[in-house]
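Note: the block below is final.pdb and it holds PDB, C-alpha atoms.
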```
ATOM      1  CA  MET A  21     117.559 123.825  84.557
ATOM      2  CA  ALA A  22     118.565 120.346  83.408
ATOM      3  CA  ASN A  23     118.832 119.835  79.655
ATOM      4  CA  VAL A  24     116.276 117.231  78.612
ATOM      5  CA  GLN A  25     118.368 116.375  75.592
ATOM      6  CA  SER A  26     121.223 115.346  77.887
ATOM      7  CA  LEU A  27     119.156 112.898  79.934
ATOM      8  CA  ASP A  28     120.429 109.340  79.773
ATOM      9  CA  PRO A  29     117.396 107.003  79.915
ATOM     10  CA  THR A  30     119.645 104.207  81.182
ATOM     11  CA  ALA A  31     120.905 106.216  84.162
ATOM     12  CA  SER A  32     117.994 105.439  86.497
ATOM     13  CA  PRO A  33     114.295 104.557  86.465
ATOM     14  CA  LEU A  34     113.516 108.253  87.062
ATOM     15  CA  ASP A  35     115.603 109.299  84.028
ATOM     16  CA  TYR A  36     113.900 106.653  81.904
ATOM     17  CA  TYR A  37     110.471 107.849  83.047
ATOM     18  CA  GLY A  38     111.304 111.467  82.172
ATOM     19  CA  TRP A  39     112.706 110.444  78.802
ATOM     20  CA  GLU A  40     109.626 108.402  77.925
ATOM     21  CA  LEU A  41     107.260 111.113  79.103
ATOM     22  CA  ARG A  42     108.896 113.667  76.820
ATOM     23  CA  ARG A  43     109.034 111.229  73.901
ATOM     24  CA  HIS A  44     105.354 110.278  74.129
ATOM     25  CA  ARG A  45     104.224 113.864  74.748
ATOM     26  CA  GLU A  46     106.050 115.146  71.690
ATOM     27  CA  ALA A  47     104.788 112.198  69.595
ATOM     28  CA  ALA A  48     101.262 113.310  70.532
ATOM     29  CA  GLY A  49     102.095 116.850  69.363
ATOM     30  CA  LEU A  50     101.523 118.386  72.803
ATOM     31  CA  SER A  51     103.459 121.064  74.627
ATOM     32  CA  GLN A  52     104.117 120.705  78.326
ATOM     33  CA  GLY A  53     101.375 123.221  79.039
ATOM     34  CA  GLN A  54      98.864 121.452  76.807
ATOM     35  CA  LEU A  55      99.472 118.088  78.451
ATOM     36  CA  GLY A  56      99.229 119.772  81.838
ATOM     37  CA  GLU A  57      95.798 121.169  80.954
ATOM     38  CA  ILE A  58      94.581 117.708  79.917
ATOM     39  CA  ILE A  59      95.696 115.992  83.135
ATOM     40  CA  PHE A  60      94.917 118.943  85.438
ATOM     41  CA  CYS A  61      98.419 120.035  86.426
ATOM     42  CA  THR A  62     100.842 122.773  85.387
ATOM     43  CA  GLY A  63     103.152 122.618  82.410
ATOM     44  CA  SER A  64     105.911 123.429  84.875
ATOM     45  CA  LEU A  65     105.251 120.152  86.707
ATOM     46  CA  ILE A  66     105.444 118.247  83.422
ATOM     47  CA  GLY A  67     108.794 119.904  82.744
ATOM     48  CA  GLN A  68     110.117 119.124  86.222
ATOM     49  CA  ILE A  69     109.227 115.451  85.844
ATOM     50  CA  GLU A  70     110.721 115.284  82.358
ATOM     51  CA  THR A  71     113.994 116.705  83.748
ATOM     52  CA  THR A  72     113.956 114.463  86.887
ATOM     53  CA  ARG A  73     113.615 117.441  89.210
ATOM     54  CA  LYS A  74     110.313 116.095  90.490
ATOM     55  CA  VAL A  75     109.287 112.517  91.253
ATOM     56  CA  PRO A  76     105.954 111.545  89.651
ATOM     57  CA  THR A  77     103.130 109.972  91.598
ATOM     58  CA  ARG A  78     100.983 106.962  90.736
ATOM     59  CA  ASP A  79      97.959 109.225  90.193
ATOM     60  CA  PHE A  80      99.982 111.385  87.782
ATOM     61  CA  SER A  81     101.124 108.279  85.906
ATOM     62  CA  GLU A  82      97.609 106.935  85.510
ATOM     63  CA  ARG A  83      96.393 110.284  84.176
ATOM     64  CA  VAL A  84      99.285 110.451  81.692
ATOM     65  CA  ASP A  85      98.475 106.947  80.447
ATOM     66  CA  ALA A  86      94.853 107.966  79.898
ATOM     67  CA  ALA A  87      95.804 111.224  78.162
ATOM     68  CA  LEU A  88      98.493 109.810  75.880
ATOM     69  CA  GLY A  89      96.974 106.379  75.282
ATOM     70  CA  THR A  90     100.151 104.636  76.400
ATOM     71  CA  ASP A  91      98.484 101.368  77.450
ATOM     72  CA  GLY A  92      99.582 101.516  81.096
ATOM     73  CA  LEU A  93     103.259 102.230  80.363
ATOM     74  CA  PHE A  94     103.678 104.924  82.988
ATOM     75  CA  SER A  95     101.533 103.080  85.534
ATOM     76  CA  ARG A  96     103.948 100.161  85.189
ATOM     77  CA  LEU A  97     107.047 102.348  85.323
ATOM     78  CA  ILE A  98     106.003 104.231  88.440
ATOM     79  CA  GLY A  99     106.610 101.235  90.711
ATOM     80  CA  LEU A 100     110.247 101.053  89.587
ATOM     81  CA  VAL A 101     110.637 104.824  89.904
ATOM     82  CA  LEU A 102     109.277 104.992  93.425
ATOM     83  CA  ARG A 103     111.274 101.987  94.638
ATOM     84  CA  SER A 104     114.402 103.722  93.332
ATOM     85  CA  GLN A 105     113.634 106.623  95.688
ATOM     86  CA  LEU A 106     114.091 104.407  98.738
ATOM     87  CA  PRO A 107     117.488 104.625 100.442
ATOM     88  CA  THR A 108     119.989 102.445  98.596
ATOM     89  CA  TRP A 109     120.624 100.306 101.659
ATOM     90  CA  PHE A 110     116.857  99.710 102.085
ATOM     91  CA  GLN A 111     116.033  98.712  98.511
ATOM     92  CA  PRO A 112     117.126  95.042  98.828
ATOM     93  CA  TYR A 113     114.841  94.619 101.835
ATOM     94  CA  ALA A 114     111.910  96.284 100.039
ATOM     95  CA  GLU A 115     112.349  93.845  97.152
ATOM     96  CA  MET A 116     112.306  90.873  99.530
ATOM     97  CA  GLU A 117     109.332  92.292 101.458
ATOM     98  CA  ALA A 118     107.383  92.477  98.196
ATOM     99  CA  LYS A 119     108.062  88.756  97.565
ATOM    100  CA  ALA A 120     107.285  87.512 101.078
ATOM    101  CA  THR A 121     104.321  85.289 101.810
ATOM    102  CA  TYR A 122     104.509  85.907 105.573
ATOM    103  CA  ILE A 123     105.794  88.966 107.414
ATOM    104  CA  SER A 124     106.204  89.094 111.165
ATOM    105  CA  THR A 125     107.494  92.264 112.769
ATOM    106  CA  TYR A 126     108.067  93.697 116.223
ATOM    107  CA  GLN A 127     108.189  97.488 116.321
ATOM    108  CA  ALA A 128     109.490  99.180 119.452
ATOM    109  CA  GLN A 129     109.416 102.825 118.330
ATOM    110  CA  LEU A 130     107.186 103.382 115.312
ATOM    111  CA  VAL A 131     104.198 102.009 113.435
ATOM    112  CA  TYR A 132     105.397  99.480 110.846
ATOM    113  CA  GLY A 133     105.964 101.164 107.476
ATOM    114  CA  LEU A 134     103.306  99.128 105.664
ATOM    115  CA  LEU A 135     100.684 100.381 108.137
ATOM    116  CA  GLN A 136     101.635 104.070 108.294
ATOM    117  CA  THR A 137      99.362 106.843 107.084
ATOM    118  CA  GLU A 138     100.892 109.287 104.627
ATOM    119  CA  GLU A 139     101.070 112.132 107.132
ATOM    120  CA  TYR A 140     102.583 109.909 109.836
ATOM    121  CA  ALA A 141     105.165 108.656 107.334
ATOM    122  CA  ARG A 142     105.972 112.240 106.322
ATOM    123  CA  ALA A 143     106.614 113.210 109.956
ATOM    124  CA  VAL A 144     108.848 110.168 110.494
ATOM    125  CA  LEU A 145     110.840 110.613 107.286
ATOM    126  CA  ALA A 146     111.298 114.344 107.841
ATOM    127  CA  THR A 147     113.462 113.618 110.890
ATOM    128  CA  GLY A 148     116.186 112.387 108.542
ATOM    129  CA  MET A 149     116.136 115.732 106.645
ATOM    130  CA  PRO A 150     116.042 114.080 103.189
ATOM    131  CA  ASP A 151     116.678 116.049  99.991
ATOM    132  CA  ASP A 152     113.365 114.861  98.514
ATOM    133  CA  LEU A 153     110.909 114.244 101.331
ATOM    134  CA  GLU A 154     107.874 113.917  99.070
ATOM    135  CA  GLY A 155     109.647 111.350  96.896
ATOM    136  CA  MET A 156     110.425 109.247  99.960
ATOM    137  CA  VAL A 157     106.859 109.524 101.227
ATOM    138  CA  ALA A 158     105.529 108.426  97.840
ATOM    139  CA  ALA A 159     107.948 105.493  97.865
ATOM    140  CA  ARG A 160     106.730 104.391 101.292
ATOM    141  CA  MET A 161     103.116 104.588 100.175
ATOM    142  CA  GLU A 162     104.020 102.519  97.113
ATOM    143  CA  ARG A 163     105.443  99.783  99.376
ATOM    144  CA  GLN A 164     102.038  99.428 100.988
ATOM    145  CA  ARG A 165     100.466  98.275  97.723
ATOM    146  CA  ILE A 166     101.535  94.720  98.512
ATOM    147  CA  LEU A 167      98.721  94.621 101.091
ATOM    148  CA  GLU A 168      96.201  95.415  98.334
ATOM    149  CA  ARG A 169      97.022  92.389  96.222
ATOM    150  CA  GLU A 170      94.463  89.687  95.611
ATOM    151  CA  GLN A 171      96.812  87.373  97.543
ATOM    152  CA  PRO A 172      98.767  89.653  99.914
ATOM    153  CA  PRO A 173     101.338  88.409 102.411
ATOM    154  CA  LEU A 174     100.071  87.445 105.837
ATOM    155  CA  ALA A 175     101.386  90.196 108.118
ATOM    156  CA  TRP A 176     101.562  89.742 111.879
ATOM    157  CA  VAL A 177     102.543  92.936 113.682
ATOM    158  CA  VAL A 178     103.470  93.358 117.335
ATOM    159  CA  LEU A 179     103.628  97.004 118.371
ATOM    160  CA  ASP A 180     105.107  98.118 121.650
ATOM    161  CA  GLU A 181     102.607 100.227 123.597
ATOM    162  CA  ALA A 182     105.173 103.042 123.441
ATOM    163  CA  VAL A 183     104.405 103.280 119.700
ATOM    164  CA  LEU A 184     100.855 104.335 120.537
ATOM    165  CA  LEU A 185     101.939 106.893 123.106
ATOM    166  CA  ARG A 186     104.635 108.675 121.083
ATOM    167  CA  PRO A 187     102.889 111.664 119.371
ATOM    168  CA  ILE A 188     104.542 111.529 115.959
ATOM    169  CA  GLY A 189     103.348 114.515 113.945
ATOM    170  CA  GLY A 190     101.098 115.767 116.752
ATOM    171  CA  ASN A 191      97.774 114.688 118.188
ATOM    172  CA  ASP A 192      95.711 114.984 114.993
ATOM    173  CA  VAL A 193      98.165 112.880 112.999
ATOM    174  CA  MET A 194      98.278 110.268 115.744
ATOM    175  CA  ARG A 195      94.502 110.095 116.049
ATOM    176  CA  ARG A 196      94.199 109.376 112.341
ATOM    177  CA  GLN A 197      97.093 106.915 112.474
ATOM    178  CA  LEU A 198      95.502 104.916 115.275
ATOM    179  CA  ALA A 199      92.161 105.005 113.452
ATOM    180  CA  HIS A 200      93.989 103.597 110.433
ATOM    181  CA  LEU A 201      95.372 100.748 112.550
ATOM    182  CA  LEU A 202      91.841  99.939 113.680
ATOM    183  CA  GLU A 203      90.755  99.635 110.047
ATOM    184  CA  PHE A 204      93.028  96.606 109.760
ATOM    185  CA  THR A 205      90.796  94.694 112.175
ATOM    186  CA  ARG A 206      88.685  94.072 109.051
ATOM    187  CA  HIS A 207      91.699  92.961 106.992
ATOM    188  CA  ARG A 208      91.939  89.162 107.093
ATOM    189  CA  TRP A 209      95.651  89.209 106.151
ATOM    190  CA  VAL A 210      96.852  91.701 108.793
ATOM    191  CA  HIS A 211      96.880  91.038 112.537
ATOM    192  CA  ILE A 212      98.020  93.598 115.097
ATOM    193  CA  GLN A 213      98.916  92.916 118.716
ATOM    194  CA  VAL A 214     100.099  95.424 121.298
ATOM    195  CA  LEU A 215     102.814  94.562 123.797
ATOM    196  CA  PRO A 216     101.697  96.478 126.914
ATOM    197  CA  ASN A 217     104.122  98.417 129.097
ATOM    198  CA  SER A 218     102.985  96.325 132.034
ATOM    199  CA  VAL A 219     104.919  93.366 130.607
ATOM    200  CA  GLY A 220     108.179  94.971 131.706
ATOM    201  CA  GLU A 221     111.260  93.197 130.384
ATOM    202  CA  HIS A 222     110.595  91.123 127.283
ATOM    203  CA  ALA A 223     112.236  89.045 124.547
ATOM    204  CA  SER A 224     113.290  91.934 122.300
ATOM    205  CA  LEU A 225     114.524  94.731 124.506
ATOM    206  CA  ALA A 226     117.360  95.069 121.984
ATOM    207  CA  GLY A 227     114.917  96.591 119.510
ATOM    208  CA  SER A 228     112.752  96.087 116.442
ATOM    209  CA  PHE A 229     113.135  93.326 113.866
ATOM    210  CA  ASN A 230     111.305  91.804 110.902
ATOM    211  CA  ALA A 231     111.178  88.190 109.797
ATOM    212  CA  LEU A 232     110.156  87.279 106.251
ATOM    213  CA  ARG A 233     109.045  83.882 104.970
ATOM    214  CA  PHE A 234     108.873  82.941 101.301
ATOM    215  CA  GLU A 235     107.342  80.314  99.061
ATOM    216  CA  ASP A 236     110.682  78.939  97.888
ATOM    217  CA  ASP A 237     113.524  81.055  99.319
ATOM    218  CA  PRO A 238     115.057  80.746 102.806
ATOM    219  CA  ASP A 239     113.581  82.821 105.621
ATOM    220  CA  ILE A 240     115.379  86.062 106.421
ATOM    221  CA  VAL A 241     115.640  88.407 109.401
ATOM    222  CA  TYR A 242     115.994  92.151 108.970
ATOM    223  CA  THR A 243     117.210  94.697 111.519
ATOM    224  CA  GLU A 244     118.290  98.338 111.338
ATOM    225  CA  ASP A 245     120.915 100.384 113.094
ATOM    226  CA  LEU A 246     121.343 104.157 113.091
ATOM    227  CA  ILE A 247     122.210 104.511 109.395
ATOM    228  CA  SER A 248     121.542 101.245 107.565
ATOM    229  CA  GLY A 249     119.735  97.918 107.495
ATOM    230  CA  HIS A 250     120.940  94.319 107.703
ATOM    231  CA  MET A 251     119.432  91.126 106.282
ATOM    232  CA  THR A 252     120.522  87.618 107.087
ATOM    233  CA  ALA A 253     119.365  84.123 106.195
ATOM    234  CA  SER A 254     121.591  82.531 108.833
ATOM    235  CA  PRO A 255     119.628  79.530 110.181
ATOM    236  CA  GLU A 256     120.816  80.261 113.724
ATOM    237  CA  THR A 257     119.686  83.904 113.571
ATOM    238  CA  VAL A 258     116.359  83.009 111.974
ATOM    239  CA  ARG A 259     115.732  80.344 114.609
ATOM    240  CA  GLU A 260     116.516  82.792 117.418
ATOM    241  CA  ALA A 261     114.258  85.446 115.875
ATOM    242  CA  VAL A 262     111.374  82.983 115.530
ATOM    243  CA  LEU A 263     111.761  81.967 119.173
ATOM    244  CA  ARG A 264     111.855  85.558 120.362
ATOM    245  CA  TYR A 265     108.866  86.477 118.234
ATOM    246  CA  ALA A 266     106.820  83.622 119.661
ATOM    247  CA  ARG A 267     107.601  84.892 123.147
ATOM    248  CA  LEU A 268     106.614  88.441 122.152
ATOM    249  CA  GLN A 269     103.307  87.223 120.747
ATOM    250  CA  ALA A 270     102.605  85.253 123.891
ATOM    251  CA  ALA A 271     103.280  88.307 126.057
ATOM    252  CA  ALA A 272     101.281  90.703 123.867
ATOM    253  CA  LEU A 273      97.562  91.346 124.207
ATOM    254  CA  PRO A 274      95.252  89.262 122.012
ATOM    255  CA  VAL A 275      94.217  90.918 118.737
ATOM    256  CA  GLU A 276      90.780  91.946 120.035
ATOM    257  CA  ASP A 277      92.163  93.392 123.291
ATOM    258  CA  SER A 278      94.886  95.159 121.319
ATOM    259  CA  ALA A 279      92.261  96.863 119.164
ATOM    260  CA  ALA A 280      90.420  97.942 122.298
ATOM    261  CA  LEU A 281      93.619  99.446 123.736
ATOM    262  CA  ILE A 282      94.366 101.271 120.477
ATOM    263  CA  ALA A 283      90.830 102.703 120.464
ATOM    264  CA  ARG A 284      91.112 103.766 124.087
ATOM    265  CA  VAL A 285      94.456 105.516 123.548
ATOM    266  CA  MET A 286      93.078 107.192 120.420
ATOM    267  CA  GLU A 287      90.168 108.693 122.351
ATOM    268  CA  GLU A 288      91.777 109.399 125.715
ATOM    269  CA  ARG A 289      95.174 110.651 124.540
ATOM    270  CA  TYR A 290      94.470 112.042 121.076
ATOM    271  CA  GLY A 291      90.733 112.742 121.197
ATOM    272  CA  ASP A 292      89.327 115.851 119.551
ATOM    273  CA  ARG A 293      89.371 118.559 122.210
ATOM    274  CA  SER A 294      88.507 121.391 119.849
ATOM    275  CA  GLN A 295      85.007 121.647 121.282
ATOM    276  CA  PRO A 296      84.819 123.502 124.626
ATOM    277  CA  GLU A 297      83.466 121.558 127.541
ATOM    278  CA  GLU A 298      79.918 122.415 128.523
ATOM    279  CA  ARG A 299      79.656 124.213 131.849
ATOM    280  CA  PRO A 300      76.949 123.094 134.220
ATOM    281  CA  VAL A 301      74.046 125.540 134.525
ATOM    282  CA  ALA A 302      74.045 127.186 137.942
TER     283      ALA A 302
END
```
Would you mind writing the file's structure down as structure tokens?
Amino acid sequence: MANVQSLDPTASPLDYYGWELRRHREAAGLSQGQLGEIIFCTGSLIGQIETTRKVPTRDFSERVDAALGTDGLFSRLIGLVLRSQLPTWFQPYAEMEAKATYISTYQAQLVYGLLQTEEYARAVLATGMPDDLEGMVAARMERQRILEREQPPLAWVVLDEAVLLRPIGGNDVMRRQLAHLLEFTRHRWVHIQVLPNSVGEHASLAGSFNALRFEDDPDIVYTEDLISGHMTASPETVREAVLRYARLQAAALPVEDSAALIARVMEERYGDRSQPEERPVA
């Protein structure tokens, strides 16, 4: 077991969180078990978080703030902690994504990360066999908080129809994921279009990409390869991406027709078949 006394609070956001949790708990005169009882978790979990062996959640942080009277300290820290759990190569993009005023993305294989359900995200992230799957899932869910802001970025998402047909996590997970996509039809800042298979060849057969626009900074384009991501603000690349995206949008189904297709796939491909079909009476 890690020695709490040896933790360096400057080593990482997670180390700082653990250090502060121990400091405030002891200042309140509480053992790990006593704090656990107050916030409805085990003392063992408190100890694991204090020694950085477990990544805290936002819910945990809010309960700690309420229990210790820390004026939102841990609720503020948790954003930094969870962002630090993202792959190192992805963190710069996540920081830019959080600052963007307009996000446009074409996704050829998967639902865009900001629109994934927790269980869908878990199935996707598990394919990379990470050391801390739950920490990565929590970090992805934290990214999605930008859509909950009072003034969120405008997000325009084009999903290849193949995204709807690929059963990530199994039928139940996919049914709930597609239902989640349909919930965004009521979100004025998120628009989803589906690029149908019937289109055939299209402007981004090379794969997925994201384009971000900002209030003051230059636009950027983000792509990923097998093991890392790449951002560029090259005017030529941005111009080409904008052109290709316009062509993708033109080829994709309108937002209303896209929602209808998502609903149809959800029912026909992933519908609940747990109930036996009624047999006609002879």
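Residues selected in this file by the PyMOL selection byres ((chain A and resi 267-269) around 9) comprise Tyr126, Val178, Gln213, Val214, Leu215, His222, Ala223, Ser224, Val262, Leu263, Arg264, Tyr265, Ala266, Ala270, Ala271, Ala272, Leu273 and Pro274 of chain A.
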Using all atoms listed in the file, tabulate the residues of stretch 67-129 of chain A lying at most 7 Å from any atom of stretch 41-62 of chain A, each with its closest atom pair and that distance in Å to one decimal, by chain and increasing residue number, as a Markdown table.
```
| residue | atom | partner | partner_atom | distance |
| --- | --- | --- | --- | --- |
| A:Gly67 | CA | A:Gln52 | CA | 6.5 |
| A:Glu70 | CA | A:Arg42 | CA | 6.1 |
| A:Arg83 | CA | A:Ile59 | CA | 5.8 |
| A:Val84 | CA | A:Ile59 | CA | 6.8 |
| A:Ala87 | CA | A:Ile58 | CA | 6.8 |
| A:Leu88 | CA | A:Ala48 | CA | 7.0 |
```
Kindly resolve the PyMOL selection byres ((chain A and resi 140) around 8) on the present coordinates and return the residues as a short mmCIF file (atom, residue, chain, number, x, y, z; two decimals) with C-alpha atoms, in the coordinates of the input.
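Saved as result.cif:
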```cif
data_model
loop_
_atom_site.label_atom_id
_atom_site.label_comp_id
_atom_site.auth_asym_id
_atom_site.auth_seq_id
_atom_site.Cartn_x
_atom_site.Cartn_y
_atom_site.Cartn_z
CA GLN A 136 101.64 104.07 108.29
CA THR A 137 99.36 106.84 107.08
CA GLU A 138 100.89 109.29 104.63
CA GLU A 139 101.07 112.13 107.13
CA ALA A 141 105.16 108.66 107.33
CA ARG A 142 105.97 112.24 106.32
CA ALA A 143 106.61 113.21 109.96
CA VAL A 144 108.85 110.17 110.49
CA ILE A 188 104.54 111.53 115.96
CA GLY A 189 103.35 114.52 113.94
CA VAL A 193 98.16 112.88 113.00
CA MET A 194 98.28 110.27 115.74
CA GLN A 197 97.09 106.92 112.47
#
```
Where does the PyMOL selection byres ((chain A and resi 75-77) around 10) land in this file, that is, which residues does it pick, as a VMD selection string?
chain A and resid 34 37 to 38 65 to 66 68 to 74 78 to 82 94 to 95 98 to 99 101 to 102 105 152 154 to 156 158 to 159 162
List as a Markdown table every residue of stretch 125-166 of chain A that is in contact with stretch 236-251 of chain A, defined as an atom at most 12 Å from one of its atoms (using all atoms listed in the file), together with the nearest atom pair and the distance in Å rounded to one decimal, sorted by chain and then rising number.
```
| residue | atom | partner | partner_atom | distance |
| --- | --- | --- | --- | --- |
| A:Thr125 | CA | A:Tyr242 | CA | 9.3 |
| A:Tyr126 | CA | A:Thr243 | CA | 10.3 |
| A:Gln127 | CA | A:Thr243 | CA | 10.6 |
| A:Ala128 | CA | A:Thr243 | CA | 11.9 |
| A:Gly148 | CA | A:Ile247 | CA | 10.0 |
```
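Here atom CA of A:Asp85 is placed at a distance of 26.0 Å from atom CA of A:Gln171.
When only C-alpha atoms are used to compute distances to A:Pro187, the closest of the residues A:Leu130, A:Leu27, A:Ala175, A:Ala261 turns out to be A:Leu130.
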Write out as a ChimeraX atom specification each polymer residue whose atoms come within 9 Å of A:Leu202, counting all atoms listed in the file; drop sequence neighbours fewer than 2 positions from it.
/A:197-200,204-206,212,279-280,282-283
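Distance check against A:Tyr122 using all atoms listed in the file: of A:Val210, A:Met161, A:Val177, A:Leu232, the minimum falls on A:Leu232.
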Box dimensions and centre (Å, one decimal) enclosing stretch 93-98 of chain A, axis-aligned, 5 Å extra per side, as lines of an AutoDock Vina configuration file:
```
center_x = 104.3
center_y = 102.5
center_z = 84.4
size_x = 15.5
size_y = 14.8
size_z = 18.1
```
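Considering all atoms listed in the file, the residue among A:Ala31, A:Leu184, A:Met116, A:Leu179 positioned nearest to A:Phe229 is A:Leu179.
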Could you pull stretch 190-209 of chain A out of the block above and save it with N, CA, C and O atoms, as a JSON list (two decimals), in the first residue's frame?
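What ended up in selection-v8.json:
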```json
[["chain", "number", "residue", "atom", "x", "y", "z"],
["A", 190, "GLY", "N", -23.22, -4.64, -27.24],
["A", 190, "GLY", "CA", -24.40, -5.50, -27.33],
["A", 190, "GLY", "C", -25.67, -4.72, -27.60],
["A", 190, "GLY", "O", -25.70, -3.49, -27.58],
["A", 191, "ASN", "N", -26.74, -5.43, -27.85],
["A", 191, "ASN", "CA", -27.99, -4.81, -28.27],
["A", 191, "ASN", "C", -28.58, -3.87, -27.23],
["A", 191, "ASN", "O", -29.07, -2.79, -27.56],
["A", 192, "ASP", "N", -28.55, -4.25, -25.95],
["A", 192, "ASP", "CA", -29.15, -3.40, -24.92],
["A", 192, "ASP", "C", -28.41, -2.07, -24.81],
["A", 192, "ASP", "O", -29.02, -1.01, -24.69],
["A", 193, "VAL", "N", -27.08, -2.14, -24.84],
["A", 193, "VAL", "CA", -26.28, -0.92, -24.77],
["A", 193, "VAL", "C", -26.57, -0.04, -25.98],
["A", 193, "VAL", "O", -26.72, 1.18, -25.85],
["A", 194, "MET", "N", -26.66, -0.64, -27.14],
["A", 194, "MET", "CA", -26.91, 0.14, -28.35],
["A", 194, "MET", "C", -28.30, 0.76, -28.34],
["A", 194, "MET", "O", -28.48, 1.90, -28.78],
["A", 195, "ARG", "N", -29.28, 0.02, -27.85],
["A", 195, "ARG", "CA", -30.64, 0.59, -27.80],
["A", 195, "ARG", "C", -30.66, 1.84, -26.93],
["A", 195, "ARG", "O", -31.25, 2.86, -27.30],
["A", 196, "ARG", "N", -30.00, 1.76, -25.78],
["A", 196, "ARG", "CA", -29.96, 2.93, -24.90],
["A", 196, "ARG", "C", -29.11, 4.05, -25.48],
["A", 196, "ARG", "O", -29.41, 5.23, -25.27],
["A", 197, "GLN", "N", -28.05, 3.69, -26.22],
["A", 197, "GLN", "CA", -27.23, 4.72, -26.84],
["A", 197, "GLN", "C", -28.02, 5.47, -27.93],
["A", 197, "GLN", "O", -27.95, 6.70, -28.01],
["A", 198, "LEU", "N", -28.74, 4.74, -28.73],
["A", 198, "LEU", "CA", -29.52, 5.41, -29.78],
["A", 198, "LEU", "C", -30.66, 6.23, -29.18],
["A", 198, "LEU", "O", -30.98, 7.32, -29.69],
["A", 199, "ALA", "N", -31.24, 5.73, -28.09],
["A", 199, "ALA", "CA", -32.27, 6.53, -27.40],
["A", 199, "ALA", "C", -31.65, 7.82, -26.87],
["A", 199, "ALA", "O", -32.29, 8.89, -26.89],
["A", 200, "HIS", "N", -30.42, 7.73, -26.40],
["A", 200, "HIS", "CA", -29.72, 8.93, -25.90],
["A", 200, "HIS", "C", -29.51, 9.93, -27.04],
["A", 200, "HIS", "O", -29.68, 11.14, -26.85],
["A", 201, "LEU", "N", -29.14, 9.44, -28.21],
["A", 201, "LEU", "CA", -28.97, 10.34, -29.36],
["A", 201, "LEU", "C", -30.29, 11.06, -29.67],
["A", 201, "LEU", "O", -30.29, 12.25, -30.00],
["A", 202, "LEU", "N", -31.39, 10.34, -29.56],
["A", 202, "LEU", "CA", -32.68, 10.95, -29.87],
["A", 202, "LEU", "C", -33.04, 12.04, -28.86],
["A", 202, "LEU", "O", -33.77, 12.98, -29.20],
["A", 203, "GLU", "N", -32.52, 11.94, -27.64],
["A", 203, "GLU", "CA", -32.78, 12.98, -26.65],
["A", 203, "GLU", "C", -32.20, 14.32, -27.08],
["A", 203, "GLU", "O", -32.70, 15.38, -26.67],
["A", 204, "PHE", "N", -31.16, 14.29, -27.92],
["A", 204, "PHE", "CA", -30.54, 15.53, -28.35],
["A", 204, "PHE", "C", -31.39, 16.27, -29.38],
["A", 204, "PHE", "O", -31.07, 17.42, -29.74],
["A", 205, "THR", "N", -32.46, 15.66, -29.86],
["A", 205, "THR", "CA", -33.35, 16.39, -30.77],
["A", 205, "THR", "C", -34.00, 17.56, -30.04],
["A", 205, "THR", "O", -34.50, 18.49, -30.67],
["A", 206, "ARG", "N", -33.99, 17.50, -28.69],
["A", 206, "ARG", "CA", -34.57, 18.59, -27.89],
["A", 206, "ARG", "C", -33.50, 19.55, -27.39],
["A", 206, "ARG", "O", -33.80, 20.47, -26.62],
["A", 207, "HIS", "N", -32.26, 19.33, -27.81],
["A", 207, "HIS", "CA", -31.14, 20.16, -27.37],
["A", 207, "HIS", "C", -30.83, 21.17, -28.47],
["A", 207, "HIS", "O", -30.39, 20.81, -29.55],
["A", 208, "ARG", "N", -31.08, 22.43, -28.21],
["A", 208, "ARG", "CA", -30.97, 23.45, -29.27],
["A", 208, "ARG", "C", -29.54, 23.66, -29.74],
["A", 208, "ARG", "O", -29.30, 24.26, -30.79],
["A", 209, "TRP", "N", -28.54, 23.18, -28.96],
["A", 209, "TRP", "CA", -27.14, 23.41, -29.32],
["A", 209, "TRP", "C", -26.49, 22.20, -29.99],
["A", 209, "TRP", "O", -25.32, 22.27, -30.36]]
```
